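Colleague: Structure file model.cif (mmCIF, C-alpha atoms (C1' of nucleotides)) is given on the next line.
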data_target
#
loop_
_atom_site.label_atom_id
_atom_site.label_comp_id
_atom_site.auth_asym_id
_atom_site.auth_seq_id
_atom_site.Cartn_x
_atom_site.Cartn_y
_atom_site.Cartn_z
CA MET A 168 17.96 19.92 -25.62
CA SER A 169 19.93 16.70 -25.20
CA ASP A 170 18.17 14.09 -27.26
CA GLN A 171 19.56 11.23 -25.24
CA ALA A 172 18.13 7.72 -24.98
CA TYR A 173 18.59 5.69 -21.80
CA SER A 174 18.45 1.98 -21.16
CA ILE A 175 16.28 0.72 -18.34
CA GLN A 176 19.38 0.05 -16.23
CA GLN A 177 20.84 3.52 -16.79
CA LEU A 178 17.63 5.19 -15.74
CA SER A 179 17.07 2.89 -12.79
CA ARG A 180 20.59 3.50 -11.51
CA GLU A 181 20.33 7.26 -11.96
CA PHE A 182 17.13 7.48 -9.93
CA ASP A 183 17.86 4.59 -7.61
CA VAL A 184 14.81 2.55 -8.50
CA THR A 185 14.61 -1.00 -9.84
CA PRO A 186 13.93 -1.87 -13.49
CA ARG A 187 10.82 -3.61 -12.17
CA ALA A 188 9.55 -0.30 -10.81
CA LEU A 189 10.10 1.40 -14.18
CA ARG A 190 8.11 -1.32 -15.97
CA PHE A 191 5.42 -0.98 -13.33
CA TYR A 192 5.24 2.79 -13.82
CA GLU A 193 4.92 2.16 -17.54
CA ALA A 194 2.03 -0.23 -16.95
CA LYS A 195 0.40 2.50 -14.88
CA GLY A 196 0.75 5.03 -17.68
CA LEU A 197 3.45 7.14 -16.03
CA LEU A 198 6.11 6.35 -18.62
CA ALA A 199 5.89 5.45 -22.29
CA PRO A 200 9.41 4.58 -23.53
CA ALA A 201 10.08 3.89 -27.20
CA ARG A 202 11.21 0.45 -28.30
CA ARG A 203 14.11 -0.83 -30.33
CA GLY A 204 12.76 -4.29 -31.01
CA THR A 205 11.40 -5.26 -27.62
CA THR A 206 13.96 -3.24 -25.69
CA ARG A 207 12.80 -0.06 -23.97
CA LEU A 208 14.48 3.23 -24.86
CA TYR A 209 13.77 6.00 -22.40
CA SER A 210 13.79 9.56 -23.70
CA ASP A 211 14.46 12.79 -21.83
CA ARG A 212 10.73 13.21 -21.62
CA ASP A 213 10.45 9.87 -19.80
CA ARG A 214 13.29 10.97 -17.57
CA THR A 215 11.46 14.16 -16.67
CA ARG A 216 8.23 12.32 -16.04
CA LEU A 217 10.05 9.86 -13.80
CA ARG A 218 11.57 12.72 -11.84
CA LEU A 219 8.13 14.24 -11.34
CA ALA A 220 6.67 10.87 -10.39
CA LEU A 221 9.27 10.25 -7.70
CA ARG A 222 8.75 13.77 -6.39
CA GLY A 223 5.04 13.04 -6.14
CA LYS A 224 5.73 9.77 -4.37
CA ARG A 225 7.88 11.51 -1.77
CA LEU A 226 4.90 13.74 -1.06
CA GLY A 227 2.67 10.75 -0.45
CA PHE A 228 0.72 10.81 -3.69
CA SER A 229 -0.37 7.52 -5.23
CA LEU A 230 0.94 6.62 -8.67
CA GLU A 231 -2.53 7.41 -10.00
CA GLU A 232 -2.38 10.89 -8.48
CA CYS A 233 1.17 11.31 -9.73
CA ARG A 234 0.01 10.52 -13.24
CA GLU A 235 -2.77 13.07 -12.95
CA ILE A 236 -0.36 15.74 -11.78
CA ILE A 237 2.25 14.89 -14.40
CA ASP A 238 -0.28 14.81 -17.22
CA MET A 239 -1.08 18.42 -16.41
CA HIS A 240 2.38 19.39 -17.56
CA ALA A 241 2.01 17.23 -20.66
CA PRO A 242 2.25 19.65 -23.58
CA GLY A 243 -0.48 17.95 -25.57
CA GLN A 244 -3.70 19.20 -27.01
CA PRO A 245 -4.93 22.01 -24.76
CA GLY A 246 -8.45 20.79 -25.41
CA GLY A 247 -11.54 22.97 -25.39
CA ALA A 248 -12.55 25.48 -22.78
CA ARG A 249 -14.33 22.71 -20.90
CA GLN A 250 -11.14 20.65 -20.61
CA LEU A 251 -9.14 23.70 -19.58
CA LEU A 252 -11.61 24.55 -16.84
CA ARG A 253 -11.45 20.98 -15.58
CA LEU A 254 -7.67 21.24 -15.54
CA CYS A 255 -7.85 24.47 -13.53
CA GLY A 256 -10.13 22.69 -11.08
CA LYS A 257 -7.68 19.82 -10.69
CA ILE A 258 -4.88 22.28 -10.10
CA ARG A 259 -6.89 24.02 -7.41
CA GLU A 260 -7.54 20.68 -5.68
CA HIS A 261 -3.94 19.55 -5.73
CA ARG A 262 -2.73 22.98 -4.67
CA ALA A 263 -5.04 22.90 -1.64
CA ASP A 264 -3.64 19.45 -0.86
CA LEU A 265 -0.07 20.74 -1.13
CA LEU A 266 -0.77 23.76 1.05
CA GLN A 267 -2.19 21.41 3.70
CA LYS A 268 0.96 19.32 3.51
CA LEU A 269 2.97 22.52 3.87
CA ARG A 270 1.15 23.39 7.07
CA ASP A 271 1.65 19.82 8.30
CA ILE A 272 5.37 20.05 7.68
CA GLU A 273 5.65 23.40 9.45
CA ALA A 274 3.86 22.01 12.50
CA THR A 275 5.94 18.83 12.53
CA LEU A 276 9.21 20.77 12.22
CA VAL A 277 8.20 23.01 15.12
CA SER A 278 7.43 20.12 17.44
CA MET A 279 10.60 18.34 16.36
CA ASP A 280 12.57 21.44 17.31
CA GLU A 281 10.88 21.39 20.70
CA VAL A 282 11.70 17.74 21.27
CA GLU A 283 15.29 18.27 20.18
CA SER A 284 15.66 21.25 22.51
CA SER A 285 14.47 19.41 25.59
CA CYS A 286 16.61 16.51 24.45
CA LEU A 287 19.72 18.69 24.31
CA VAL A 288 18.87 20.27 27.65
CA GLU A 289 18.64 16.82 29.20
CA LEU A 290 21.95 15.82 27.63
CA LEU A 291 23.61 18.91 29.07
CA ARG A 292 22.17 18.11 32.49
CA ILE A 293 23.58 14.58 32.32
CA ASP A 294 26.93 15.88 31.12
CA ALA A 295 27.03 18.36 33.97
CA ASN A 296 26.37 15.56 36.44
CA VAL A 297 29.12 13.43 34.96
CA ARG A 298 31.63 16.27 35.18
CA LYS A 299 30.57 16.96 38.74
CA LEU A 300 31.04 13.32 39.75
CA SER A 301 34.36 12.87 38.00
CA GLN A 302 35.77 16.01 39.53
CA MET B 290 -6.64 19.94 30.54
CA SER B 291 -9.97 18.41 29.61
CA ASP B 292 -9.94 14.87 30.94
CA GLN B 293 -12.47 13.66 28.42
CA ALA B 294 -13.04 10.09 27.28
CA TYR B 295 -14.27 9.35 23.77
CA SER B 296 -16.03 6.36 22.28
CA ILE B 297 -14.65 4.81 19.14
CA GLN B 298 -17.49 6.33 17.13
CA GLN B 299 -16.99 9.82 18.53
CA LEU B 300 -13.31 9.79 17.68
CA SER B 301 -13.83 8.25 14.26
CA ARG B 302 -16.45 10.86 13.39
CA GLU B 303 -14.32 13.74 14.64
CA PHE B 304 -11.34 12.73 12.52
CA ASP B 305 -13.29 11.23 9.65
CA VAL B 306 -11.80 7.76 9.90
CA THR B 307 -13.54 4.43 10.39
CA PRO B 308 -13.63 2.53 13.69
CA ARG B 309 -11.79 -0.22 11.84
CA ALA B 310 -8.91 2.18 11.18
CA LEU B 311 -8.72 3.12 14.86
CA ARG B 312 -8.53 -0.55 15.87
CA PHE B 313 -5.89 -1.05 13.22
CA TYR B 314 -3.82 1.86 14.53
CA GLU B 315 -4.11 0.36 17.99
CA ALA B 316 -2.82 -2.99 16.69
CA LYS B 317 0.12 -1.08 15.21
CA GLY B 318 0.92 0.58 18.52
CA LEU B 319 -0.20 4.07 17.56
CA LEU B 320 -3.05 4.20 20.05
CA ALA B 321 -3.57 2.53 23.41
CA PRO B 322 -7.11 3.33 24.62
CA ALA B 323 -8.27 2.29 28.07
CA ARG B 324 -11.08 -0.24 28.44
CA ARG B 325 -14.36 -0.26 30.29
CA GLY B 326 -15.04 -3.96 30.10
CA THR B 327 -14.15 -4.70 26.51
CA THR B 328 -15.17 -1.29 25.22
CA ARG B 329 -12.43 1.13 24.21
CA LEU B 330 -12.22 4.52 25.92
CA TYR B 331 -10.03 7.00 24.11
CA SER B 332 -8.30 9.68 26.17
CA ASP B 333 -7.12 13.13 25.11
CA ARG B 334 -3.69 11.59 24.78
CA ASP B 335 -5.03 9.09 22.26
CA ARG B 336 -6.77 11.95 20.51
CA THR B 337 -3.53 13.87 20.22
CA ARG B 338 -1.64 10.81 18.99
CA LEU B 339 -4.33 10.22 16.38
CA ARG B 340 -4.05 13.80 15.20
CA LEU B 341 -0.28 13.42 14.83
CA ALA B 342 -0.70 10.07 13.08
CA LEU B 343 -3.08 11.50 10.50
CA ARG B 344 -0.76 14.43 9.96
CA GLY B 345 2.08 12.00 9.33
CA LYS B 346 -0.07 10.02 6.92
CA ARG B 347 -0.87 13.13 4.92
CA LEU B 348 2.87 13.62 4.52
CA GLY B 349 3.30 10.13 3.13
CA PHE B 350 4.80 8.47 6.20
CA SER B 351 3.94 4.84 6.89
CA LEU B 352 2.16 4.00 10.12
CA GLU B 353 5.45 2.60 11.39
CA GLU B 354 7.20 5.89 10.69
CA CYS B 355 4.28 7.78 12.21
CA ARG B 356 4.66 5.75 15.38
CA GLU B 357 8.37 6.52 15.51
CA ILE B 358 7.72 10.23 15.09
CA ILE B 359 4.90 10.28 17.61
CA ASP B 360 6.84 8.30 20.17
CA MET B 361 9.42 11.08 20.15
CA HIS B 362 6.87 13.40 21.70
CA ALA B 363 5.90 10.75 24.23
CA PRO B 364 6.73 12.26 27.60
CA GLY B 365 8.10 9.04 29.01
CA GLN B 366 11.46 8.10 30.45
CA PRO B 367 14.04 10.33 28.78
CA GLY B 368 16.41 7.39 28.98
CA GLY B 369 20.18 7.61 29.23
CA ALA B 370 22.49 9.77 27.18
CA ARG B 371 22.76 6.97 24.63
CA GLN B 372 18.99 6.92 24.09
CA LEU B 373 18.88 10.70 23.89
CA LEU B 374 21.58 10.77 21.25
CA ARG B 375 19.71 8.14 19.25
CA LEU B 376 16.59 10.29 19.50
CA CYS B 377 18.50 13.33 18.24
CA GLY B 378 19.70 11.22 15.32
CA LYS B 379 16.18 10.16 14.47
CA ILE B 380 15.06 13.76 14.61
CA ARG B 381 17.83 14.78 12.24
CA GLU B 382 16.79 12.06 9.78
CA HIS B 383 13.13 12.93 9.82
CA ARG B 384 13.90 16.64 9.61
CA ALA B 385 16.02 16.07 6.50
CA ASP B 386 13.11 14.08 5.06
CA LEU B 387 10.69 16.90 5.83
CA LEU B 388 12.96 19.54 4.33
CA GLN B 389 13.15 17.46 1.15
CA LYS B 390 9.37 17.29 1.07
CA LEU B 391 9.29 21.05 1.54
CA ARG B 392 11.50 21.54 -1.50
CA ASP B 393 9.32 19.10 -3.44
CA ILE B 394 6.21 21.06 -2.54
CA GLU B 395 7.77 24.38 -3.52
CA ALA B 396 8.78 22.99 -6.91
CA THR B 397 5.39 21.41 -7.50
CA LEU B 398 3.56 24.61 -6.59
CA VAL B 399 5.73 26.61 -8.97
CA SER B 400 5.07 24.32 -11.91
CA MET B 401 1.37 24.22 -11.06
CA ASP B 402 1.31 28.01 -11.20
CA GLU B 403 2.94 27.86 -14.61
CA VAL B 404 0.42 25.37 -15.92
CA GLU B 405 -2.46 27.39 -14.52
CA SER B 406 -1.13 30.56 -16.12
CA SER B 407 -0.87 29.10 -19.58
CA CYS B 408 -4.24 27.52 -18.99
CA LEU B 409 -5.81 30.88 -18.19
CA VAL B 410 -4.10 32.50 -21.15
CA GLU B 411 -5.53 29.84 -23.43
CA LEU B 412 -8.98 30.34 -21.93
CA LEU B 413 -8.77 34.09 -22.55
CA ARG B 414 -7.74 33.44 -26.14
CA ILE B 415 -10.73 31.15 -26.64
CA ASP B 416 -13.04 33.65 -25.00
CA ALA B 417 -11.73 36.43 -27.25
CA ASN B 418 -12.41 34.30 -30.31
CA VAL B 419 -15.93 33.57 -29.17
CA ARG B 420 -16.68 37.25 -28.62
CA LYS B 421 -15.20 38.08 -31.99
CA LEU B 422 -17.38 35.51 -33.74
CA SER B 423 -20.58 36.42 -31.95
CA GLN B 424 -20.11 40.07 -32.68
"C1'" DC C 131 29.37 -20.39 -33.01
"C1'" DC C 132 29.10 -20.12 -28.19
"C1'" DT C 133 28.78 -17.72 -24.10
"C1'" DA C 134 27.89 -13.86 -21.14
"C1'" DT C 135 25.07 -9.93 -20.37
"C1'" DA C 136 21.00 -7.31 -20.68
"C1'" DG C 137 16.45 -7.30 -21.74
"C1'" DT C 138 11.56 -9.24 -22.12
"C1'" DT C 139 6.99 -11.13 -20.52
"C1'" DG C 140 4.11 -13.69 -17.39
"C1'" DA C 141 2.97 -15.28 -12.92
"C1'" DC C 142 2.96 -15.50 -8.27
"C1'" DG C 143 4.40 -13.55 -3.64
"C1'" DT C 144 4.52 -9.80 -0.17
"C1'" DA C 145 4.01 -5.61 2.87
"C1'" DT C 146 0.91 -1.92 3.99
"C1'" DA C 147 -3.52 -0.19 5.21
"C1'" DC C 148 -7.41 -0.93 5.77
"C1'" DG C 149 -12.79 -2.82 4.08
"C1'" DT C 150 -16.14 -6.14 4.90
"C1'" DC C 151 -18.56 -9.60 6.58
"C1'" DA C 152 -19.90 -12.97 10.51
"C1'" DA C 153 -20.86 -14.16 15.05
"C1'" DC C 154 -21.19 -12.73 19.47
"C1'" DT C 155 -21.59 -9.55 23.74
"C1'" DT C 156 -23.06 -5.32 26.18
"C1'" DA C 157 -25.78 -1.39 27.04
"C1'" DT C 158 -29.87 1.42 26.65
"C1'" DT C 159 -34.66 2.22 26.27
"C1'" DG C 160 -39.74 1.88 25.43
"C1'" DC D 48 -37.98 -7.94 29.10
"C1'" DA D 49 -37.42 -7.67 24.36
"C1'" DA D 50 -35.51 -5.11 20.79
"C1'" DT D 51 -32.35 -1.92 18.92
"C1'" DA D 52 -27.84 0.21 18.93
"C1'" DA D 53 -23.08 0.06 19.71
"C1'" DG D 54 -19.25 -2.51 20.71
"C1'" DT D 55 -16.03 -6.70 20.33
"C1'" DT D 56 -12.96 -10.25 18.08
"C1'" DG D 57 -11.61 -13.14 14.28
"C1'" DA D 58 -11.15 -14.02 9.50
"C1'" DC D 59 -10.96 -13.20 4.90
"C1'" DG D 60 -10.91 -9.83 0.93
"C1'" DT D 61 -8.85 -5.86 -1.59
"C1'" DA D 62 -6.05 -2.01 -3.66
"C1'" DT D 63 -1.43 -0.27 -4.10
"C1'" DA D 64 3.34 -0.85 -5.20
"C1'" DC D 65 6.30 -3.29 -6.14
"C1'" DG D 66 9.82 -8.04 -5.26
"C1'" DT D 67 11.04 -12.31 -7.04
"C1'" DC D 68 11.47 -16.06 -9.64
"C1'" DA D 69 11.09 -18.63 -14.28
"C1'" DA D 70 11.55 -19.10 -19.00
"C1'" DC D 71 12.70 -17.05 -23.08
"C1'" DT D 72 15.05 -13.65 -26.44
"C1'" DA D 73 18.49 -10.64 -28.31
"C1'" DT D 74 22.99 -9.09 -28.97
"C1'" DA D 75 27.85 -8.13 -28.51
"C1'" DG D 76 32.49 -10.11 -27.89
"C1'" DG D 77 36.11 -13.78 -28.07
#
Could you render the structure as structure tokens?
Modeller:
Amino acid sequence: MSDQAYSIQQLSREFDVTPRALRFYEAKGLLAPARRGTTRLYSDRDRTRLRLALRGKRLGFSLEECREIIDMHAPGQPGGARQLLRLCGKIREHRADLLQKLRDIEATLVSMDEVESSCLVELLRIDANVRKLSQ
Amino acid sequence: MSDQAYSIQQLSREFDVTPRALRFYEAKGLLAPARRGTTRLYSDRDRTRLRLALRGKRLGFSLEECREIIDMHAPGQPGGARQLLRLCGKIREHRADLLQKLRDIEATLVSMDEVESSCLVELLRIDANVRKLSQ
DNA sequence: CCTATAGTTGACGTATACGTCAACTTATTG
DNA sequence: CAATAAGTTGACGTATACGTCAACTATAGG
């Protein structure tokens, strides 16, 4: 376990986001860096949470949803049975959402393949014509 | 090919979006319904484009990106070789994006499974305790 | 000690994606 | 024909996710 601490610039460069975005994520409860004076010190935990947040964003989740998903992983108090059941429910919801996205991706990839195929066919046709004419 | 025409309400109900959203998508060039007087008449083509747009939205694409993706399918002028090559490029970009999303989904599903497992284990532990106490 | 660099907190601006009136026009029906 | 119902175009409001200053602080190096 590397117990590293990162400055806001280091982290922002590593994940290609602006310092402003990191502060915004903090305000939204996604990150909670320590402080040395007023300066933020990001831990490996923050780094992991950021990674998960950006992954969620790529999948079209809002920051609020990202926080919900990330907080599932949070190794905190497991809570009572009631909390655990709620968590399981949330997981089921988000999983259904993800499976829908999976189907959407499959379908989109298929139709992209189709478009690309007819595109290549057309290109070959044009190429054939050019060769014919320049013969 | 059903040559149906839909009112704005019909379409909005079918896809669970508001009429306002449909007008907005039209303003953004995603839809182009015919008119009877001033009233919009949506064709099956509009219906298909709407379906693709909503699919794109679920995957986190902006309406602008959705339009770009949808316009690929548009059976219009195939354009010259230059246009076709540009189209192939666009397809490659979006495909890379989708494959990244696919990896993101896989990873998220895996970690959700992990969380759910430990959640269920904890629930069983609690349940065992309860049985023990009420025995 | 002075400067350069990195960091901080407001505060306001902006792009996207609509929601929500208001005011008006058609279209249908008892 | 009068009253709903459904449609239209502005116009302004709102939530999200930051961008972009401004003004100030802290700290390390020459």
Colleague: Should the cut-off be 9 Å, what would the residue list for chain B against chain D look like, counting all atoms listed in the file, as a list in words?
Modeller: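 Selected residues: Ile297, Gln298, Thr327, Thr328 and Arg329 of chain B.
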Colleague: Could you write those residues out with C-alpha atoms, as a short mmCIF file (atom, residue, chain, number, x, y, z; two decimals), in the frame of the given file?
Modeller:
data_model
loop_
_atom_site.label_atom_id
_atom_site.label_comp_id
_atom_site.auth_asym_id
_atom_site.auth_seq_id
_atom_site.Cartn_x
_atom_site.Cartn_y
_atom_site.Cartn_z
CA ILE B 297 -14.65 4.81 19.14
CA GLN B 298 -17.49 6.33 17.13
CA THR B 327 -14.15 -4.70 26.51
CA THR B 328 -15.17 -1.29 25.22
CA ARG B 329 -12.43 1.13 24.21
#
Colleague: All Cα atoms, paired in order, least squares: that's the fit I need for chain B onto chain A, output as an mmCIF file with C-alpha atoms, in the frame of the given file.
Modeller:
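Saved result, part.cif, follows:
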data_model
loop_
_atom_site.group_PDB
_atom_site.id
_atom_site.type_symbol
_atom_site.label_atom_id
_atom_site.label_comp_id
_atom_site.auth_asym_id
_atom_site.auth_seq_id
_atom_site.Cartn_x
_atom_site.Cartn_y
_atom_site.Cartn_z
ATOM 1 C CA MET B 290 17.838 19.900 -25.593
ATOM 2 C CA SER B 291 19.863 16.728 -25.228
ATOM 3 C CA ASP B 292 18.117 14.089 -27.300
ATOM 4 C CA GLN B 293 19.520 11.240 -25.268
ATOM 5 C CA ALA B 294 18.124 7.728 -24.979
ATOM 6 C CA TYR B 295 18.590 5.714 -21.800
ATOM 7 C CA SER B 296 18.490 2.002 -21.115
ATOM 8 C CA ILE B 297 16.325 0.722 -18.315
ATOM 9 C CA GLN B 298 19.415 0.100 -16.198
ATOM 10 C CA GLN B 299 20.847 3.568 -16.762
ATOM 11 C CA LEU B 300 17.619 5.227 -15.715
ATOM 12 C CA SER B 301 17.074 2.928 -12.757
ATOM 13 C CA ARG B 302 20.599 3.576 -11.496
ATOM 14 C CA GLU B 303 20.311 7.332 -11.949
ATOM 15 C CA PHE B 304 17.109 7.540 -9.924
ATOM 16 C CA ASP B 305 17.846 4.668 -7.580
ATOM 17 C CA VAL B 306 14.816 2.593 -8.495
ATOM 18 C CA THR B 307 14.646 -0.956 -9.812
ATOM 19 C CA PRO B 308 13.958 -1.857 -13.448
ATOM 20 C CA ARG B 309 10.866 -3.617 -12.139
ATOM 21 C CA ALA B 310 9.574 -0.299 -10.792
ATOM 22 C CA LEU B 311 10.113 1.390 -14.156
ATOM 23 C CA ARG B 312 8.144 -1.346 -15.935
ATOM 24 C CA PHE B 313 5.461 -1.002 -13.303
ATOM 25 C CA TYR B 314 5.244 2.761 -13.811
ATOM 26 C CA GLU B 315 4.940 2.127 -17.528
ATOM 27 C CA ALA B 316 2.049 -0.291 -16.920
ATOM 28 C CA LYS B 317 0.406 2.468 -14.878
ATOM 29 C CA GLY B 318 0.765 4.985 -17.687
ATOM 30 C CA LEU B 319 3.444 7.109 -16.053
ATOM 31 C CA LEU B 320 6.109 6.316 -18.623
ATOM 32 C CA ALA B 321 5.910 5.401 -22.294
ATOM 33 C CA PRO B 322 9.431 4.533 -23.513
ATOM 34 C CA ALA B 323 10.108 3.836 -27.172
ATOM 35 C CA ARG B 324 11.256 0.383 -28.261
ATOM 36 C CA ARG B 325 14.175 -0.895 -30.268
ATOM 37 C CA GLY B 326 12.865 -4.362 -30.939
ATOM 38 C CA THR B 327 11.506 -5.316 -27.552
ATOM 39 C CA THR B 328 14.038 -3.281 -25.608
ATOM 40 C CA ARG B 329 12.855 -0.095 -23.924
ATOM 41 C CA LEU B 330 14.504 3.210 -24.830
ATOM 42 C CA TYR B 331 13.774 5.989 -22.388
ATOM 43 C CA SER B 332 13.778 9.554 -23.698
ATOM 44 C CA ASP B 333 14.455 12.792 -21.834
ATOM 45 C CA ARG B 334 10.706 13.182 -21.641
ATOM 46 C CA ASP B 335 10.431 9.865 -19.820
ATOM 47 C CA ARG B 336 13.274 10.975 -17.594
ATOM 48 C CA THR B 337 11.451 14.158 -16.690
ATOM 49 C CA ARG B 338 8.196 12.301 -16.050
ATOM 50 C CA LEU B 339 10.047 9.867 -13.804
ATOM 51 C CA ARG B 340 11.556 12.729 -11.850
ATOM 52 C CA LEU B 341 8.103 14.249 -11.343
ATOM 53 C CA ALA B 342 6.653 10.862 -10.402
ATOM 54 C CA LEU B 343 9.267 10.274 -7.721
ATOM 55 C CA ARG B 344 8.733 13.774 -6.409
ATOM 56 C CA GLY B 345 5.019 13.057 -6.156
ATOM 57 C CA LYS B 346 5.712 9.785 -4.377
ATOM 58 C CA ARG B 347 7.859 11.526 -1.795
ATOM 59 C CA LEU B 348 4.872 13.748 -1.068
ATOM 60 C CA GLY B 349 2.643 10.756 -0.456
ATOM 61 C CA PHE B 350 0.697 10.814 -3.718
ATOM 62 C CA SER B 351 -0.369 7.507 -5.241
ATOM 63 C CA LEU B 352 0.929 6.613 -8.680
ATOM 64 C CA GLU B 353 -2.532 7.401 -10.023
ATOM 65 C CA GLU B 354 -2.403 10.876 -8.510
ATOM 66 C CA CYS B 355 1.158 11.298 -9.753
ATOM 67 C CA ARG B 356 -0.008 10.500 -13.262
ATOM 68 C CA GLU B 357 -2.794 13.056 -12.992
ATOM 69 C CA ILE B 358 -0.374 15.721 -11.807
ATOM 70 C CA ILE B 359 2.226 14.883 -14.422
ATOM 71 C CA ASP B 360 -0.291 14.786 -17.231
ATOM 72 C CA MET B 361 -1.094 18.408 -16.441
ATOM 73 C CA HIS B 362 2.371 19.383 -17.597
ATOM 74 C CA ALA B 363 2.010 17.241 -20.702
ATOM 75 C CA PRO B 364 2.270 19.662 -23.600
ATOM 76 C CA GLY B 365 -0.459 17.989 -25.597
ATOM 77 C CA GLN B 366 -3.735 19.233 -27.000
ATOM 78 C CA PRO B 367 -4.917 22.034 -24.725
ATOM 79 C CA GLY B 368 -8.436 20.836 -25.421
ATOM 80 C CA GLY B 369 -11.547 22.992 -25.385
ATOM 81 C CA ALA B 370 -12.556 25.514 -22.772
ATOM 82 C CA ARG B 371 -14.368 22.759 -20.889
ATOM 83 C CA GLN B 372 -11.189 20.681 -20.605
ATOM 84 C CA LEU B 373 -9.183 23.727 -19.586
ATOM 85 C CA LEU B 374 -11.627 24.577 -16.834
ATOM 86 C CA ARG B 375 -11.481 20.997 -15.581
ATOM 87 C CA LEU B 376 -7.692 21.254 -15.543
ATOM 88 C CA CYS B 377 -7.863 24.479 -13.530
ATOM 89 C CA GLY B 378 -10.144 22.690 -11.078
ATOM 90 C CA LYS B 379 -7.713 19.830 -10.699
ATOM 91 C CA ILE B 380 -4.911 22.287 -10.112
ATOM 92 C CA ARG B 381 -6.915 24.024 -7.410
ATOM 93 C CA GLU B 382 -7.555 20.689 -5.678
ATOM 94 C CA HIS B 383 -3.967 19.560 -5.750
ATOM 95 C CA ARG B 384 -2.754 22.994 -4.682
ATOM 96 C CA ALA B 385 -5.053 22.913 -1.649
ATOM 97 C CA ASP B 386 -3.654 19.459 -0.864
ATOM 98 C CA LEU B 387 -0.095 20.745 -1.142
ATOM 99 C CA LEU B 388 -0.792 23.767 1.039
ATOM 100 C CA GLN B 389 -2.207 21.432 3.689
ATOM 101 C CA LYS B 390 0.948 19.350 3.497
ATOM 102 C CA LEU B 391 2.958 22.542 3.862
ATOM 103 C CA ARG B 392 1.124 23.405 7.065
ATOM 104 C CA ASP B 393 1.637 19.838 8.283
ATOM 105 C CA ILE B 394 5.360 20.085 7.648
ATOM 106 C CA GLU B 395 5.649 23.426 9.428
ATOM 107 C CA ALA B 396 3.869 22.037 12.484
ATOM 108 C CA THR B 397 5.940 18.868 12.503
ATOM 109 C CA LEU B 398 9.195 20.800 12.209
ATOM 110 C CA VAL B 399 8.204 23.045 15.099
ATOM 111 C CA SER B 400 7.427 20.156 17.417
ATOM 112 C CA MET B 401 10.605 18.378 16.341
ATOM 113 C CA ASP B 402 12.576 21.471 17.307
ATOM 114 C CA GLU B 403 10.893 21.424 20.694
ATOM 115 C CA VAL B 404 11.710 17.781 21.267
ATOM 116 C CA GLU B 405 15.296 18.306 20.172
ATOM 117 C CA SER B 406 15.670 21.269 22.508
ATOM 118 C CA SER B 407 14.493 19.424 25.572
ATOM 119 C CA CYS B 408 16.619 16.524 24.443
ATOM 120 C CA LEU B 409 19.726 18.698 24.307
ATOM 121 C CA VAL B 410 18.901 20.265 27.650
ATOM 122 C CA GLU B 411 18.637 16.822 29.197
ATOM 123 C CA LEU B 412 21.945 15.813 27.635
ATOM 124 C CA LEU B 413 23.635 18.905 29.076
ATOM 125 C CA ARG B 414 22.202 18.097 32.492
ATOM 126 C CA ILE B 415 23.574 14.560 32.291
ATOM 127 C CA ASP B 416 26.929 15.827 31.103
ATOM 128 C CA ALA B 417 27.082 18.312 33.985
ATOM 129 C CA ASN B 418 26.396 15.519 36.454
ATOM 130 C CA VAL B 419 29.117 13.372 34.967
ATOM 131 C CA ARG B 420 31.666 16.174 35.196
ATOM 132 C CA LYS B 421 30.612 16.876 38.750
ATOM 133 C CA LEU B 422 31.071 13.243 39.754
ATOM 134 C CA SER B 423 34.391 12.766 38.016
ATOM 135 C CA GLN B 424 35.799 15.883 39.558
#
Colleague: Please identify all residues of chain C having at least one atom at most 9 Å from any atom of chain A, considering all atoms listed in the file, and return them as a list in words.
Modeller: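 Close enough to count are DA136, DG137 and DT138 of chain C.
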Colleague: Using only C-alpha atoms, what table do you get, as a Markdown table, when you list each residue of chain A with an atom no more than 8 Å from chain B, its nearest pair of atoms, and their distance in Å rounded to one decimal, rows by chain then rising number?
Modeller:
| residue | atom | partner | partner_atom | distance |
| --- | --- | --- | --- | --- |
| A:Arg222 | CA | B:Asp393 | CA | 6.1 |
| A:Gly223 | CA | B:Asp393 | CA | 7.9 |
| A:Lys224 | CA | B:Gly349 | CA | 7.9 |
| A:Arg225 | CA | B:Lys390 | CA | 6.6 |
| A:Leu226 | CA | B:Gly349 | CA | 5.8 |
| A:Gly227 | CA | B:Gly349 | CA | 3.7 |
| A:Phe228 | CA | B:Gly349 | CA | 7.3 |
| A:Met239 | CA | B:Val404 | CA | 7.1 |
| A:His240 | CA | B:Val404 | CA | 6.5 |
| A:Pro245 | CA | B:Glu411 | CA | 8.0 |
| A:Ala248 | CA | B:Leu412 | CA | 6.1 |
| A:Leu251 | CA | B:Cys408 | CA | 6.2 |
| A:Leu254 | CA | B:Cys408 | CA | 7.9 |
| A:Cys255 | CA | B:Glu405 | CA | 6.2 |
| A:Ile258 | CA | B:Met401 | CA | 6.6 |
| A:Arg262 | CA | B:Leu398 | CA | 6.8 |
| A:Leu265 | CA | B:Ile394 | CA | 6.4 |
| A:Lys268 | CA | B:Leu348 | CA | 6.1 |
| A:Leu269 | CA | B:Leu391 | CA | 6.9 |
| A:Asp271 | CA | B:Arg344 | CA | 6.1 |
| A:Ile272 | CA | B:Leu387 | CA | 6.5 |
| A:Leu276 | CA | B:Arg384 | CA | 6.8 |
| A:Ser278 | CA | B:His362 | CA | 8.0 |
| A:Met279 | CA | B:Ile380 | CA | 6.6 |
| A:Val282 | CA | B:His362 | CA | 6.5 |
| A:Glu283 | CA | B:Cys377 | CA | 6.2 |
| A:Cys286 | CA | B:Leu373 | CA | 6.3 |
| A:Glu289 | CA | B:Pro367 | CA | 8.0 |
| A:Leu290 | CA | B:Ala370 | CA | 6.1 |
| A:Ile293 | CA | B:Ala370 | CA | 7.1 |
